[in-house]
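Heads up: the structure comes next, in C-alpha cells.
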Amino acid sequence: MDSEIPEAFEKDLTCLVCLNFLLDPVTIGCGHSFCRSCLCLFWEQAEVPASCPVCRQRSEQTNFKTNFLLKNLVSTVRKANLRQFLKCEEQLCGTHKQTKTIFCEADKSLLCLVCSQGQEHKTHRHCPAEEAAEESWVSDASETCRKLGGGTAKRLK
C-alpha cells in the first residue's frame, strides 16, 4: 500500500531493538531512541556497564523521561497509516458502500456504521476502529518487547 508518510521517516520512529513503532520512547545520551521497555529489558540482561544497543556507547543514565515529541510523532504517523488503510477499497462495506470505521469486539471485525446497528451486531460491544487499533498496537508492541527480553537474554549470555 502506498503511504503518505515517507518510509525513511517511519524508520526514524522505529525502535532499533524490537523494530516496531516506538512505544513510550526514551532517548539516551548518544541520541538513539528506544521503547522504554525494550531498553530496560536489554540493559537488564546486559553485562555492566550498560551501553547503547546500537552504537555501544556507555550510558550511566537510569532515570528515563518519555520523549513526548517522538511519542506524538509516532501517534500521528500510526493514525495516518490507519486512515490510509481504511480508505482502501477492501475496507468498504460490500452492502452499504460505506467505510468500515467501527470495530465489533464480539466478532473482532470492522463494520460500517449501518452494519454495526443492524440485527446481527446491535447487541455487541463496539468501538471506533482507531481506538481498537491503538489498543491492539500497544498490546502487541508490549508483548513483542516482553518476548524480546527472553531472546535478548539468550543472545547475551
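Numbering starts fresh at 1 for the residues of each chain in the C-alpha cells, the chains themselves are lettered A, B, ... in the order given, and ligands are numbered from 1 as they appear.
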
### Message
Applying 12 Å and only C-alpha atoms, which residues near Lys122 of chain A remain after dropping the ones on its own chain fewer than 5 positions away? List them as a list in words.
### Response
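That gives Ile102, Cys104, Glu105, Ala106, Asp107, Leu111, Leu113, Val114, Cys115, Ser116 and Gln117 of chain A.
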
Store the residues picked out above in a file with N, CA, C and O atoms, as a PDB file, in the first residue's frame.
ATOM      1  N   ILE A 102     -16.027   1.068  12.351  1.00  0.00           N
ATOM      2  CA  ILE A 102     -16.454   0.572  13.665  1.00  0.00           C
ATOM      3  C   ILE A 102     -15.871  -0.825  13.861  1.00  0.00           C
ATOM      4  O   ILE A 102     -15.949  -1.669  12.972  1.00  0.00           O
ATOM      5  N   CYS A 104     -16.176  -4.304  15.845  1.00  0.00           N
ATOM      6  CA  CYS A 104     -17.064  -5.145  16.651  1.00  0.00           C
ATOM      7  C   CYS A 104     -16.174  -6.030  17.518  1.00  0.00           C
ATOM      8  O   CYS A 104     -15.435  -6.878  16.998  1.00  0.00           O
ATOM      9  N   GLU A 105     -16.227  -5.838  18.818  1.00  0.00           N
ATOM     10  CA  GLU A 105     -15.369  -6.594  19.728  1.00  0.00           C
ATOM     11  C   GLU A 105     -15.768  -8.065  19.806  1.00  0.00           C
ATOM     12  O   GLU A 105     -14.924  -8.922  19.988  1.00  0.00           O
ATOM     13  N   ALA A 106     -17.049  -8.364  19.637  1.00  0.00           N
ATOM     14  CA  ALA A 106     -17.511  -9.754  19.706  1.00  0.00           C
ATOM     15  C   ALA A 106     -16.995 -10.564  18.521  1.00  0.00           C
ATOM     16  O   ALA A 106     -16.526 -11.689  18.679  1.00  0.00           O
ATOM     17  N   ASP A 107     -17.077  -9.999  17.320  1.00  0.00           N
ATOM     18  CA  ASP A 107     -16.654 -10.703  16.107  1.00  0.00           C
ATOM     19  C   ASP A 107     -15.224 -10.382  15.695  1.00  0.00           C
ATOM     20  O   ASP A 107     -14.713 -10.973  14.747  1.00  0.00           O
ATOM     21  N   LEU A 111     -16.697  -2.945  10.763  1.00  0.00           N
ATOM     22  CA  LEU A 111     -18.047  -2.794  10.227  1.00  0.00           C
ATOM     23  C   LEU A 111     -18.279  -1.353   9.813  1.00  0.00           C
ATOM     24  O   LEU A 111     -17.648  -0.438  10.344  1.00  0.00           O
ATOM     25  N   LEU A 113     -21.049   1.837   9.806  1.00  0.00           N
ATOM     26  CA  LEU A 113     -21.980   2.289  10.843  1.00  0.00           C
ATOM     27  C   LEU A 113     -23.332   1.597  10.724  1.00  0.00           C
ATOM     28  O   LEU A 113     -23.914   1.175  11.726  1.00  0.00           O
ATOM     29  N   VAL A 114     -23.831   1.423   9.510  1.00  0.00           N
ATOM     30  CA  VAL A 114     -25.137   0.786   9.313  1.00  0.00           C
ATOM     31  C   VAL A 114     -25.106  -0.665   9.786  1.00  0.00           C
ATOM     32  O   VAL A 114     -26.014  -1.114  10.503  1.00  0.00           O
ATOM     33  N   CYS A 115     -24.054  -1.406   9.416  1.00  0.00           N
ATOM     34  CA  CYS A 115     -23.951  -2.809   9.843  1.00  0.00           C
ATOM     35  C   CYS A 115     -23.837  -2.921  11.364  1.00  0.00           C
ATOM     36  O   CYS A 115     -24.387  -3.840  11.968  1.00  0.00           O
ATOM     37  N   SER A 116     -23.117  -1.983  11.993  1.00  0.00           N
ATOM     38  CA  SER A 116     -22.931  -2.047  13.449  1.00  0.00           C
ATOM     39  C   SER A 116     -24.252  -1.881  14.188  1.00  0.00           C
ATOM     40  O   SER A 116     -24.406  -2.348  15.311  1.00  0.00           O
ATOM     41  N   GLN A 117     -25.232  -1.228  13.549  1.00  0.00           N
ATOM     42  CA  GLN A 117     -26.537  -1.014  14.174  1.00  0.00           C
ATOM     43  C   GLN A 117     -27.563  -2.049  13.721  1.00  0.00           C
ATOM     44  O   GLN A 117     -28.696  -2.031  14.180  1.00  0.00           O
TER      45      GLN A 117
END

**Study point:** Sel. of strand (DSSP E) residues, chain A, as a PyMOL selection string
**Key:** chain A and resi 25-27+33-35+102-104+109-111+126-128

Atoms to include: N, CA, C and O atoms. Write the selected residues as a short mmCIF file (atom, residue, chain, number, x, y, z; two decimals), in the first residue's frame.
data_model
loop_
_atom_site.label_atom_id
_atom_site.label_comp_id
_atom_site.auth_asym_id
_atom_site.auth_seq_id
_atom_site.Cartn_x
_atom_site.Cartn_y
_atom_site.Cartn_z
N PRO A 25 8.64 6.11 23.99
CA PRO A 25 10.04 6.31 23.57
C PRO A 25 10.88 7.08 24.58
O PRO A 25 10.42 8.04 25.18
N VAL A 26 12.11 6.60 24.74
CA VAL A 26 13.11 7.30 25.56
C VAL A 26 14.36 7.46 24.69
O VAL A 26 14.66 6.61 23.86
N THR A 27 15.05 8.56 24.89
CA THR A 27 16.27 8.84 24.15
C THR A 27 17.42 8.86 25.15
O THR A 27 17.33 9.51 26.19
N SER A 33 17.08 6.36 20.21
CA SER A 33 15.80 6.23 20.92
C SER A 33 15.29 4.80 20.83
O SER A 33 15.46 4.13 19.82
N PHE A 34 14.62 4.38 21.91
CA PHE A 34 14.10 3.02 22.02
C PHE A 34 12.79 3.05 22.79
O PHE A 34 12.49 4.01 23.49
N CYS A 35 12.02 1.96 22.68
CA CYS A 35 10.88 1.79 23.59
C CYS A 35 11.46 1.67 24.99
O CYS A 35 12.50 1.03 25.18
N ILE A 102 -16.03 1.07 12.35
CA ILE A 102 -16.45 0.57 13.67
C ILE A 102 -15.87 -0.82 13.86
O ILE A 102 -15.95 -1.67 12.97
N PHE A 103 -15.31 -1.07 15.04
CA PHE A 103 -14.77 -2.38 15.35
C PHE A 103 -15.75 -3.11 16.26
O PHE A 103 -16.14 -2.60 17.31
N CYS A 104 -16.18 -4.30 15.84
CA CYS A 104 -17.06 -5.14 16.65
C CYS A 104 -16.17 -6.03 17.52
O CYS A 104 -15.43 -6.88 17.00
N SER A 109 -14.15 -7.77 14.11
CA SER A 109 -14.21 -7.39 12.70
C SER A 109 -14.55 -5.91 12.56
O SER A 109 -15.13 -5.30 13.46
N LEU A 110 -14.19 -5.35 11.39
CA LEU A 110 -14.53 -3.98 11.08
C LEU A 110 -15.89 -3.95 10.40
O LEU A 110 -16.20 -4.80 9.55
N LEU A 111 -16.70 -2.95 10.76
CA LEU A 111 -18.05 -2.79 10.23
C LEU A 111 -18.28 -1.35 9.81
O LEU A 111 -17.65 -0.44 10.34
N HIS A 126 -19.04 -2.25 20.62
CA HIS A 126 -18.31 -1.64 19.51
C HIS A 126 -17.43 -0.51 20.02
O HIS A 126 -17.67 0.06 21.08
N CYS A 127 -16.43 -0.19 19.21
CA CYS A 127 -15.61 0.99 19.47
C CYS A 127 -15.09 1.49 18.13
O CYS A 127 -15.10 0.75 17.14
N PRO A 128 -14.63 2.73 18.07
CA PRO A 128 -14.07 3.23 16.81
C PRO A 128 -12.86 2.40 16.40
O PRO A 128 -12.09 1.94 17.26
#

In terms of the shortest atom-to-atom distance over only C-alpha atoms, which of A:Gln119, A:Ser37, A:Gln91, A:Thr101 is closest to Thr66 of chain A?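 Closest to Thr66 of chain A, using only C-alpha atoms: A:Ser37.
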
Spatial neighbours of Lys71 of chain A, 12 Å, only C-alpha atoms, chain gap at least 2 places, as a list in words:
Asp12, Leu13, Thr14, Cys15, Phe21, Leu22, Leu23, Asp24, Pro25, Val26, Thr27, Ser33, Phe34, Cys35, Arg36, Lys65, Thr66, Asn67, Phe68, Leu69, Leu73, Val74, Ser75, Thr76, Val77 and Arg78 of chain A

Taken to one decimal, the atom CA of Leu19 of chain A-atom CA of Ser51 of chain A distance is 18.4 Å

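Considering only C-alpha atoms, the residue among A:Glu47, A:Glu120, A:Glu10, A:Glu130 positioned nearest to Phe85 of chain A is A:Glu130.
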
Considering only C-alpha atoms, return as a compact mmCIF listing (two decimals) with N, CA and C atoms, in the first residue's frame whatever protein or nucleic-acid residues lie within 8 Å of segment 52-54 of chain A, sequence-local ones (same chain, fewer than 4 positions apart) excluded.
# COMPACT_ATOMS: atom_id res chain seq x y z
N LEU A 16 14.94 0.43 17.56
CA LEU A 16 16.03 -0.34 16.96
C LEU A 16 16.26 -1.66 17.68
N VAL A 17 15.46 -1.95 18.70
CA VAL A 17 15.53 -3.25 19.38
C VAL A 17 14.41 -4.16 18.88
N ILE A 28 18.49 8.13 24.83
CA ILE A 28 19.63 8.07 25.74
C ILE A 28 20.71 9.05 25.28
N CYS A 30 23.55 9.12 23.80
CA CYS A 30 24.15 9.09 22.47
C CYS A 30 23.19 9.59 21.40
N HIS A 32 20.29 7.91 20.46
CA HIS A 32 19.42 6.85 19.95
C HIS A 32 18.18 6.72 20.84
N PHE A 42 16.73 -4.90 27.60
CA PHE A 42 18.07 -5.07 27.01
C PHE A 42 19.14 -4.86 28.07
N ARG A 58 28.72 3.77 26.19
CA ARG A 58 28.31 3.56 27.58
C ARG A 58 27.30 4.61 28.01
N SER A 59 26.41 4.18 28.90
CA SER A 59 25.42 5.11 29.42
C SER A 59 25.22 4.84 30.90

Looking at A:Gly29, A:Glu135, A:Cys40, A:Leu82, which one is nearest to Arg56 of chain A, with distances taken over only C-alpha atoms?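 Ranking A:Gly29, A:Glu135, A:Cys40, A:Leu82 by distance to Arg56 of chain A, first place goes to A:Gly29.
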
Of the residues A:His121, A:Cys112, A:Cys88, A:Glu60, which is the one nearest to Val48 of chain A, using only C-alpha atoms?
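Ranking A:His121, A:Cys112, A:Cys88, A:Glu60 by distance to Val48 of chain A, first place goes to A:Glu60.
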
Which of segment 20-155 of chain A DSSP labels alpha helix (DSSP H), written as a PDB file with N, CA and C atoms, in the first residue's frame:
ATOM      1  N   ARG A  36      10.819   2.294  25.948  1.00  0.00           N
ATOM      2  CA  ARG A  36      11.309   2.220  27.327  1.00  0.00           C
ATOM      3  C   ARG A  36      11.489   0.762  27.761  1.00  0.00           C
ATOM      4  N   SER A  37      10.471  -0.065  27.514  1.00  0.00           N
ATOM      5  CA  SER A  37      10.538  -1.454  27.971  1.00  0.00           C
ATOM      6  C   SER A  37      11.623  -2.239  27.230  1.00  0.00           C
ATOM      7  N   CYS A  38      11.825  -1.974  25.941  1.00  0.00           N
ATOM      8  CA  CYS A  38      12.882  -2.675  25.188  1.00  0.00           C
ATOM      9  C   CYS A  38      14.258  -2.346  25.751  1.00  0.00           C
ATOM     10  N   LEU A  39      14.490  -1.066  26.016  1.00  0.00           N
ATOM     11  CA  LEU A  39      15.795  -0.657  26.549  1.00  0.00           C
ATOM     12  C   LEU A  39      16.009  -1.232  27.947  1.00  0.00           C
ATOM     13  N   CYS A  40      14.981  -1.179  28.777  1.00  0.00           N
ATOM     14  CA  CYS A  40      15.105  -1.718  30.138  1.00  0.00           C
ATOM     15  C   CYS A  40      15.394  -3.214  30.097  1.00  0.00           C
ATOM     16  N   LEU A  41      14.682  -3.948  29.244  1.00  0.00           N
ATOM     17  CA  LEU A  41      14.928  -5.391  29.127  1.00  0.00           C
ATOM     18  C   LEU A  41      16.322  -5.665  28.577  1.00  0.00           C
ATOM     19  N   PHE A  42      16.734  -4.897  27.601  1.00  0.00           N
ATOM     20  CA  PHE A  42      18.068  -5.073  27.011  1.00  0.00           C
ATOM     21  C   PHE A  42      19.142  -4.862  28.071  1.00  0.00           C
ATOM     22  N   TRP A  43      19.005  -3.777  28.829  1.00  0.00           N
ATOM     23  CA  TRP A  43      20.009  -3.467  29.838  1.00  0.00           C
ATOM     24  C   TRP A  43      19.941  -4.428  31.019  1.00  0.00           C
ATOM     25  N   GLU A  44      18.756  -4.915  31.330  1.00  0.00           N
ATOM     26  CA  GLU A  44      18.601  -5.875  32.428  1.00  0.00           C
ATOM     27  C   GLU A  44      19.419  -7.131  32.152  1.00  0.00           C
ATOM     28  N   GLN A  45      19.482  -7.515  30.894  1.00  0.00           N
ATOM     29  CA  GLN A  45      20.186  -8.733  30.509  1.00  0.00           C
ATOM     30  C   GLN A  45      21.655  -8.487  30.143  1.00  0.00           C
ATOM     31  N   PHE A  68       8.302  13.002  24.495  1.00  0.00           N
ATOM     32  CA  PHE A  68       6.937  13.274  24.065  1.00  0.00           C
ATOM     33  C   PHE A  68       6.854  13.713  22.610  1.00  0.00           C
ATOM     34  N   LEU A  69       7.890  14.344  22.087  1.00  0.00           N
ATOM     35  CA  LEU A  69       7.894  14.709  20.680  1.00  0.00           C
ATOM     36  C   LEU A  69       7.826  13.443  19.822  1.00  0.00           C
ATOM     37  N   LEU A  70       8.691  12.481  20.110  1.00  0.00           N
ATOM     38  CA  LEU A  70       8.663  11.211  19.367  1.00  0.00           C
ATOM     39  C   LEU A  70       7.341  10.475  19.575  1.00  0.00           C
ATOM     40  N   LYS A  71       6.856  10.467  20.797  1.00  0.00           N
ATOM     41  CA  LYS A  71       5.598   9.785  21.101  1.00  0.00           C
ATOM     42  C   LYS A  71       4.456  10.367  20.273  1.00  0.00           C
ATOM     43  N   ASN A  72       4.388  11.689  20.177  1.00  0.00           N
ATOM     44  CA  ASN A  72       3.337  12.343  19.403  1.00  0.00           C
ATOM     45  C   ASN A  72       3.508  12.096  17.905  1.00  0.00           C
ATOM     46  N   LEU A  73       4.751  12.108  17.428  1.00  0.00           N
ATOM     47  CA  LEU A  73       5.007  11.823  16.010  1.00  0.00           C
ATOM     48  C   LEU A  73       4.593  10.403  15.654  1.00  0.00           C
ATOM     49  N   VAL A  74       4.922   9.441  16.509  1.00  0.00           N
ATOM     50  CA  VAL A  74       4.531   8.049  16.275  1.00  0.00           C
ATOM     51  C   VAL A  74       3.011   7.945  16.210  1.00  0.00           C
ATOM     52  N   SER A  75       2.324   8.587  17.126  1.00  0.00           N
ATOM     53  CA  SER A  75       0.861   8.542  17.149  1.00  0.00           C
ATOM     54  C   SER A  75       0.283   9.138  15.867  1.00  0.00           C
ATOM     55  N   THR A  76       0.829  10.248  15.418  1.00  0.00           N
ATOM     56  CA  THR A  76       0.357  10.897  14.196  1.00  0.00           C
ATOM     57  C   THR A  76       0.555   9.998  12.985  1.00  0.00           C
ATOM     58  N   VAL A  77       1.724   9.383  12.881  1.00  0.00           N
ATOM     59  CA  VAL A  77       2.017   8.507  11.742  1.00  0.00           C
ATOM     60  C   VAL A  77       1.139   7.265  11.766  1.00  0.00           C
ATOM     61  N   ARG A  78       0.964   6.688  12.940  1.00  0.00           N
ATOM     62  CA  ARG A  78       0.116   5.495  13.037  1.00  0.00           C
ATOM     63  C   ARG A  78      -1.321   5.814  12.647  1.00  0.00           C
ATOM     64  N   LYS A  79      -1.836   6.970  13.080  1.00  0.00           N
ATOM     65  CA  LYS A  79      -3.204   7.362  12.717  1.00  0.00           C
ATOM     66  C   LYS A  79      -3.313   7.609  11.217  1.00  0.00           C
ATOM     67  N   ALA A  80      -2.294   8.230  10.624  1.00  0.00           N
ATOM     68  CA  ALA A  80      -2.299   8.454   9.173  1.00  0.00           C
ATOM     69  C   ALA A  80      -2.285   7.124   8.425  1.00  0.00           C
ATOM     70  N   ASN A  81      -1.492   6.165   8.905  1.00  0.00           N
ATOM     71  CA  ASN A  81      -1.454   4.845   8.279  1.00  0.00           C
ATOM     72  C   ASN A  81      -2.809   4.140   8.392  1.00  0.00           C
ATOM     73  N   LEU A  82      -3.468   4.283   9.545  1.00  0.00           N
ATOM     74  CA  LEU A  82      -4.782   3.672   9.729  1.00  0.00           C
ATOM     75  C   LEU A  82      -5.801   4.314   8.791  1.00  0.00           C
ATOM     76  N   ARG A  83      -5.780   5.644   8.687  1.00  0.00           N
ATOM     77  CA  ARG A  83      -6.712   6.323   7.785  1.00  0.00           C
ATOM     78  C   ARG A  83      -6.475   5.864   6.343  1.00  0.00           C
ATOM     79  N   GLN A  84      -5.215   5.722   5.962  1.00  0.00           N
ATOM     80  CA  GLN A  84      -4.872   5.248   4.618  1.00  0.00           C
ATOM     81  C   GLN A  84      -5.428   3.836   4.410  1.00  0.00           C
ATOM     82  N   PHE A  85      -5.260   2.988   5.419  1.00  0.00           N
ATOM     83  CA  PHE A  85      -5.762   1.612   5.346  1.00  0.00           C
ATOM     84  C   PHE A  85      -7.283   1.586   5.208  1.00  0.00           C
ATOM     85  N   LEU A  86      -7.971   2.413   5.994  1.00  0.00           N
ATOM     86  CA  LEU A  86      -9.432   2.426   5.963  1.00  0.00           C
ATOM     87  C   LEU A  86      -9.976   2.973   4.641  1.00  0.00           C
ATOM     88  N   LYS A  87      -9.167   3.760   3.922  1.00  0.00           N
ATOM     89  CA  LYS A  87      -9.587   4.298   2.630  1.00  0.00           C
ATOM     90  C   LYS A  87      -9.500   3.254   1.520  1.00  0.00           C
ATOM     91  N   LEU A 113     -21.049   1.837   9.806  1.00  0.00           N
ATOM     92  CA  LEU A 113     -21.980   2.289  10.843  1.00  0.00           C
ATOM     93  C   LEU A 113     -23.332   1.597  10.724  1.00  0.00           C
ATOM     94  N   VAL A 114     -23.831   1.423   9.510  1.00  0.00           N
ATOM     95  CA  VAL A 114     -25.137   0.786   9.313  1.00  0.00           C
ATOM     96  C   VAL A 114     -25.106  -0.665   9.786  1.00  0.00           C
ATOM     97  N   CYS A 115     -24.054  -1.406   9.416  1.00  0.00           N
ATOM     98  CA  CYS A 115     -23.951  -2.809   9.843  1.00  0.00           C
ATOM     99  C   CYS A 115     -23.837  -2.921  11.364  1.00  0.00           C
ATOM    100  N   SER A 116     -23.117  -1.983  11.993  1.00  0.00           N
ATOM    101  CA  SER A 116     -22.931  -2.047  13.449  1.00  0.00           C
ATOM    102  C   SER A 116     -24.252  -1.881  14.188  1.00  0.00           C
ATOM    103  N   ALA A 129     -12.676   2.205  15.110  1.00  0.00           N
ATOM    104  CA  ALA A 129     -11.558   1.404  14.595  1.00  0.00           C
ATOM    105  C   ALA A 129     -10.221   1.965  15.085  1.00  0.00           C
ATOM    106  N   GLU A 130     -10.118   3.275  15.149  1.00  0.00           N
ATOM    107  CA  GLU A 130      -8.876   3.909  15.590  1.00  0.00           C
ATOM    108  C   GLU A 130      -8.530   3.525  17.028  1.00  0.00           C
ATOM    109  N   GLU A 131      -9.533   3.505  17.896  1.00  0.00           N
ATOM    110  CA  GLU A 131      -9.331   3.130  19.298  1.00  0.00           C
ATOM    111  C   GLU A 131      -8.920   1.658  19.418  1.00  0.00           C
ATOM    112  N   ALA A 132      -9.589   0.793  18.661  1.00  0.00           N
ATOM    113  CA  ALA A 132      -9.264  -0.633  18.684  1.00  0.00           C
ATOM    114  C   ALA A 132      -7.851  -0.870  18.165  1.00  0.00           C
ATOM    115  N   ALA A 133      -7.473  -0.153  17.119  1.00  0.00           N
ATOM    116  CA  ALA A 133      -6.127  -0.299  16.556  1.00  0.00           C
ATOM    117  C   ALA A 133      -5.079   0.142  17.570  1.00  0.00           C
ATOM    118  N   GLU A 134      -5.340   1.228  18.271  1.00  0.00           N
ATOM    119  CA  GLU A 134      -4.394   1.735  19.274  1.00  0.00           C
ATOM    120  C   GLU A 134      -4.212   0.729  20.399  1.00  0.00           C
ATOM    121  N   GLU A 135      -5.324   0.193  20.909  1.00  0.00           N
ATOM    122  CA  GLU A 135      -5.247  -0.789  21.989  1.00  0.00           C
ATOM    123  C   GLU A 135      -4.507  -2.041  21.535  1.00  0.00           C
ATOM    124  N   SER A 136      -4.804  -2.476  20.324  1.00  0.00           N
ATOM    125  CA  SER A 136      -4.150  -3.664  19.776  1.00  0.00           C
ATOM    126  C   SER A 136      -2.662  -3.423  19.581  1.00  0.00           C
ATOM    127  N   TRP A 137      -2.310  -2.248  19.056  1.00  0.00           N
ATOM    128  CA  TRP A 137      -0.907  -1.925  18.811  1.00  0.00           C
ATOM    129  C   TRP A 137      -0.121  -1.897  20.118  1.00  0.00           C
ATOM    130  N   VAL A 138      -0.646  -1.243  21.126  1.00  0.00           N
ATOM    131  CA  VAL A 138       0.052  -1.157  22.415  1.00  0.00           C
ATOM    132  C   VAL A 138       0.214  -2.547  23.005  1.00  0.00           C
ATOM    133  N   SER A 139      -0.841  -3.352  22.952  1.00  0.00           N
ATOM    134  CA  SER A 139      -0.776  -4.707  23.478  1.00  0.00           C
ATOM    135  C   SER A 139       0.244  -5.552  22.719  1.00  0.00           C
ATOM    136  N   ASP A 140       0.197  -5.505  21.377  1.00  0.00           N
ATOM    137  CA  ASP A 140       1.132  -6.274  20.551  1.00  0.00           C
ATOM    138  C   ASP A 140       2.572  -5.822  20.763  1.00  0.00           C
ATOM    139  N   ALA A 141       2.782  -4.500  20.819  1.00  0.00           N
ATOM    140  CA  ALA A 141       4.132  -3.975  20.997  1.00  0.00           C
ATOM    141  C   ALA A 141       4.684  -4.360  22.362  1.00  0.00           C
ATOM    142  N   SER A 142       3.840  -4.303  23.386  1.00  0.00           N
ATOM    143  CA  SER A 142       4.286  -4.689  24.727  1.00  0.00           C
ATOM    144  C   SER A 142       4.662  -6.166  24.767  1.00  0.00           C
ATOM    145  N   GLU A 143       3.854  -7.000  24.119  1.00  0.00           N
ATOM    146  CA  GLU A 143       4.126  -8.432  24.070  1.00  0.00           C
ATOM    147  C   GLU A 143       5.432  -8.710  23.311  1.00  0.00           C
ATOM    148  N   THR A 144       5.664  -7.995  22.212  1.00  0.00           N
ATOM    149  CA  THR A 144       6.908  -8.154  21.451  1.00  0.00           C
ATOM    150  C   THR A 144       8.103  -7.803  22.319  1.00  0.00           C
ATOM    151  N   CYS A 145       7.998  -6.720  23.066  1.00  0.00           N
ATOM    152  CA  CYS A 145       9.101  -6.311  23.945  1.00  0.00           C
ATOM    153  C   CYS A 145       9.357  -7.370  25.020  1.00  0.00           C
ATOM    154  N   ARG A 146       8.287  -7.945  25.594  1.00  0.00           N
ATOM    155  CA  ARG A 146       8.454  -8.982  26.612  1.00  0.00           C
ATOM    156  C   ARG A 146       9.133 -10.210  26.018  1.00  0.00           C
ATOM    157  N   LYS A 147       8.686 -10.629  24.842  1.00  0.00           N
ATOM    158  CA  LYS A 147       9.284 -11.789  24.190  1.00  0.00           C
ATOM    159  C   LYS A 147      10.736 -11.518  23.838  1.00  0.00           C
ATOM    160  N   LEU A 148      11.007 -10.316  23.397  1.00  0.00           N
ATOM    161  CA  LEU A 148      12.358  -9.944  23.012  1.00  0.00           C
ATOM    162  C   LEU A 148      13.292  -9.999  24.210  1.00  0.00           C
ATOM    163  N   GLY A 149      12.764  -9.669  25.373  1.00  0.00           N
ATOM    164  CA  GLY A 149      13.588  -9.733  26.583  1.00  0.00           C
ATOM    165  C   GLY A 149      14.161 -11.110  26.787  1.00  0.00           C
ATOM    166  N   GLY A 150      13.375 -12.154  26.581  1.00  0.00           N
ATOM    167  CA  GLY A 150      13.858 -13.519  26.699  1.00  0.00           C
ATOM    168  C   GLY A 150      14.890 -13.825  25.647  1.00  0.00           C
ATOM    169  N   GLY A 151      14.641 -13.384  24.412  1.00  0.00           N
ATOM    170  CA  GLY A 151      15.587 -13.617  23.321  1.00  0.00           C
ATOM    171  C   GLY A 151      16.892 -12.892  23.536  1.00  0.00           C
ATOM    172  N   THR A 152      16.787 -11.672  24.058  1.00  0.00           N
ATOM    173  CA  THR A 152      17.980 -10.891  24.324  1.00  0.00           C
ATOM    174  C   THR A 152      18.826 -11.563  25.392  1.00  0.00           C
ATOM    175  N   ALA A 153      18.179 -12.087  26.399  1.00  0.00           N
ATOM    176  CA  ALA A 153      18.926 -12.760  27.474  1.00  0.00           C
ATOM    177  C   ALA A 153      19.718 -13.927  26.920  1.00  0.00           C
ATOM    178  N   LYS A 154      19.121 -14.689  26.041  1.00  0.00           N
ATOM    179  CA  LYS A 154      19.814 -15.842  25.483  1.00  0.00           C
ATOM    180  C   LYS A 154      20.989 -15.423  24.617  1.00  0.00           C
ATOM    181  N   ARG A 155      20.827 -14.343  23.847  1.00  0.00           N
ATOM    182  CA  ARG A 155      21.900 -13.893  22.957  1.00  0.00           C
ATOM    183  C   ARG A 155      23.087 -13.339  23.738  1.00  0.00           C
TER     184      ARG A 155
END
